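Since the structure comes first, as C-alpha cells, the remarks are kept for the end.
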Amino acid sequence: MQTRDQFEREEYGGMAVFLNSVTAAYGRHVAMENVTLSVHRGDFLGIIGPNGAGKTTLLTVVNGLATVISGSAQILGERLSRRNVNGLRKKIGYVPQIQEIDPLLPINVRDSVLVGCYGRLGFFRRVPKVFLEKTETILELVGLSRLGNRPLGHLSGGEKQRVAIARSLLQEPEILLLDEPCASLDWRAQKEILLLIQNIHNRLRLTTLMVTHDLNSLPEVCTRMAFMKEGRLIWEGVLAQALSESRLSELYDTGITIASHEGKPVLLY
C-alpha cells in the first residue's frame, strides 16, 4: 500500500511547484491567502501585480522560508515540511532584489559567487576544486569573466545582478526564483539581464519563477502568468490570455492599453 509521500511523489512528480490553498504570514500579518498554483517542470512563470500584492511572499513559500499557516506545498514532487526543507532548498536558487553594497566591502566578484556553493556543501567546508572550476564557467556564462577580481562594491547595478544570478546558479538549482531582477536598472541593463535570464532558462532547462510589477519586464521565454493582488492569486494562465486590457486594468486599478512594437506587446498606462 502506498504511503502519502509515495502517492504525492507520483501525483505531483511532473510539477516543480504545487501550492494547495496556501496561506502564509509574517507574524500576525497574513501576506498571502488561499493560493492554489501549479508550475510544471521547465515552465517559466511570470508573477505580476502591484506593490504589496504578495508576490515576494509566494517566492518565499516556494523557497521554504515562509510561515505557512494553512494549506500545503509540494516542491519537486515532495511535500514541504520541516523534515525536508533544507534538502529541498539546496535545489532552489534565489535571486533577491538588488541591494546596496559598501564599496569598501573586502570581497571580490569571484569570492561572492563562490558563496553559492555553501548551500550544497554547508558552511565552514573547504571548497572542492570542482566548484572552483564551475565558478569560472558560470562567470563566463553571465558575462563576468573579466571582472572576477573586481571588488563587489565597485560594480554597476547590472553587474551586481549578474553576480547574484551567478551565485544562485553555482548551487546547481532545479528551480530559479527571481524577485524583481530588473528593479532600479537602466533600460540597457534591464534588456541585458532579461536576455541573460532567457538564455539561462533555455540552456539549463530550469523551472523559473520571476516576480515583477511590470509585464514589460518579462523575457520572451515566459510561458505562463500569475496575477497577484492583495495577497491573493486572482488569475493564472498562458501568456496570450494574460494580454487583456480589461484584466490588466483590474489588476492595477488603472486604465491600461496594450500596444504593439516590432511585433511585441507593450503596456501603456
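Lettering and numbering for the C-alpha cells are positional, with chains as A, B, ... in the shown order, residues counted from 1 in each chain, and ligands counted from 1 in the shown order.
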Please identify every residue of region 45-107 of chain A that has at least one atom no farther than 10 Å from an atom of region 238-254 of chain A, counting only C-alpha atoms, and for each give the shortest atom pair and the distance in Å to one decimal, arranged by chain then increasing number, as JSON lines.
{"residue": "A:Leu45", "atom": "CA", "partner": "A:Val238", "partner_atom": "CA", "distance": 9.1}
{"residue": "A:Gly46", "atom": "CA", "partner": "A:Leu239", "partner_atom": "CA", "distance": 8.8}
{"residue": "A:Ile48", "atom": "CA", "partner": "A:Leu251", "partner_atom": "CA", "distance": 9.0}
{"residue": "A:Gly49", "atom": "CA", "partner": "A:Leu251", "partner_atom": "CA", "distance": 6.6}
{"residue": "A:Pro50", "atom": "CA", "partner": "A:Tyr252", "partner_atom": "CA", "distance": 6.1}
{"residue": "A:Asn51", "atom": "CA", "partner": "A:Tyr252", "partner_atom": "CA", "distance": 9.6}
{"residue": "A:Ala53", "atom": "CA", "partner": "A:Leu251", "partner_atom": "CA", "distance": 9.9}
Excluding region 177-194 of chain A and any residue of its chain fewer than 2 positions from it, enumerate the residues within 9 Å of it, using only C-alpha atoms, and give them as a ChimeraX atom specification.
/A:55-56,59,62-63,92-98,157-159,161-162,165,175,196-199,207-213,217-220
I need the helix (DSSP H, G or I) residues of region 15-222 of chain A per DSSP on the backbone, written as a PyMOL selection string.
chain A and resi 55-62+85-89+109-121+129-141+145-147+152-154+157-170+187-204+215-217
Discussion item. Write out as a ChimeraX atom specification the set of residues from region 14-225 of chain A that DSSP, computed on the backbone, places in strand (DSSP E).
Written reply: /A:15-26,29-40,44-48,67-75,78-79,92-95,175-179,207-212,224-225
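With only C-alpha atoms as the atoms that count, the residue of A:Tyr26, A:Phe227, A:Trp235, A:Phe18 with the shortest distance to Leu76 (chain A) is A:Phe18.
Proximity of A:Ser145, A:Thr223, A:Asn216, A:Gln99 to Lys160 (chain A), computed with only C-alpha atoms, is greatest for A:Gln99.
Across A:Gly77, A:Gly52, A:Gly153, A:Gly116, the tightest approach to Leu170 (chain A) is made by A:Gly116 when counting only C-alpha atoms.
For Ala24 (chain A), the set of protein, DNA and RNA residues having any atom at most 10 Å away, when counting only C-alpha atoms and skipping those fewer than 5 positions along the same chain, is His29, Val30, Ala31, Met32, Glu33, Asn34, Val35, Gly54, Thr57, Leu58, Thr60, Val61, Ala66, Thr67, Val68, Ile69, Ser70, Gly71 and Gly231 of chain A.
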Export N, CA and C atoms of the chosen residues as a compact mmCIF listing (two decimals), in the first residue's frame?
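The resulting out.txt:
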# COMPACT_ATOMS: atom_id res chain seq x y z
N HIS A 29 0.67 39.12 10.56
CA HIS A 29 0.23 39.70 9.29
C HIS A 29 0.12 38.62 8.21
N VAL A 30 -1.08 38.39 7.73
CA VAL A 30 -1.30 37.44 6.63
C VAL A 30 -0.90 38.12 5.33
N ALA A 31 0.16 37.60 4.67
CA ALA A 31 0.69 38.23 3.47
C ALA A 31 0.22 37.55 2.19
N MET A 32 -0.26 36.31 2.31
CA MET A 32 -0.75 35.57 1.14
C MET A 32 -1.85 34.64 1.62
N GLU A 33 -2.96 34.63 0.89
CA GLU A 33 -4.13 33.91 1.41
C GLU A 33 -4.73 32.98 0.38
N ASN A 34 -4.83 31.70 0.75
CA ASN A 34 -5.59 30.69 0.00
C ASN A 34 -5.14 30.60 -1.47
N VAL A 35 -3.84 30.48 -1.68
CA VAL A 35 -3.30 30.42 -3.04
C VAL A 35 -3.12 28.98 -3.49
N GLY A 54 1.73 40.36 -2.56
CA GLY A 54 2.05 39.01 -2.09
C GLY A 54 2.97 38.25 -3.02
N THR A 57 6.12 37.05 -1.25
CA THR A 57 5.72 36.01 -0.29
C THR A 57 5.55 34.68 -0.98
N LEU A 58 5.00 34.68 -2.19
CA LEU A 58 4.85 33.43 -2.94
C LEU A 58 6.22 32.78 -3.17
N THR A 60 8.83 33.22 -1.34
CA THR A 60 9.33 32.80 -0.03
C THR A 60 8.73 31.47 0.39
N VAL A 61 7.47 31.26 0.05
CA VAL A 61 6.83 29.96 0.34
C VAL A 61 7.53 28.85 -0.44
N ALA A 66 8.86 30.73 4.40
CA ALA A 66 7.67 31.41 4.93
C ALA A 66 7.00 30.56 6.00
N THR A 67 6.21 31.21 6.82
CA THR A 67 5.39 30.51 7.80
C THR A 67 4.04 30.19 7.15
N VAL A 68 3.86 28.95 6.79
CA VAL A 68 2.60 28.50 6.17
C VAL A 68 1.64 28.12 7.29
N ILE A 69 0.53 28.85 7.39
CA ILE A 69 -0.40 28.62 8.49
C ILE A 69 -1.56 27.73 8.09
N SER A 70 -1.75 27.53 6.79
CA SER A 70 -2.74 26.55 6.33
C SER A 70 -2.45 26.19 4.89
N GLY A 71 -2.95 25.04 4.46
CA GLY A 71 -2.65 24.54 3.13
C GLY A 71 -1.36 23.75 3.10
N GLY A 231 -2.63 39.95 -1.75
CA GLY A 231 -2.31 38.67 -1.14
C GLY A 231 -2.99 37.46 -1.75
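If you look at CA of Ser112 (chain A) and CA of Arg203 (chain A), they are 23.0 Å away from each other.
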Students should find that CA of Lys90 (chain A) and CA of Met225 (chain A) are spaced 25.5 Å
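Among the candidates A:Met228, A:Val109, A:Ile47, A:Val266, the residue lying nearest to Val163 (chain A) is A:Val109 (atoms considered: only C-alpha atoms).
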Tell me which protein, DNA and RNA residues are within 7 Å of His40 (chain A), counting only C-alpha atoms, leaving out same-chain ones fewer than 4 positions away, and put them as an mmCIF file with C-alpha atoms, in the first residue's frame.
data_model
loop_
_atom_site.group_PDB
_atom_site.id
_atom_site.type_symbol
_atom_site.label_atom_id
_atom_site.label_comp_id
_atom_site.auth_asym_id
_atom_site.auth_seq_id
_atom_site.Cartn_x
_atom_site.Cartn_y
_atom_site.Cartn_z
ATOM 1 C CA GLY A 14 5.782 16.272 -13.132
ATOM 2 C CA MET A 15 5.335 19.518 -11.240
ATOM 3 C CA ALA A 16 8.098 21.659 -9.879
ATOM 4 C CA VAL A 17 5.677 23.547 -7.625
#
Between CA of Ile138 (chain A) and CA of Asn108 (chain A) lies a distance of 15.2 Å
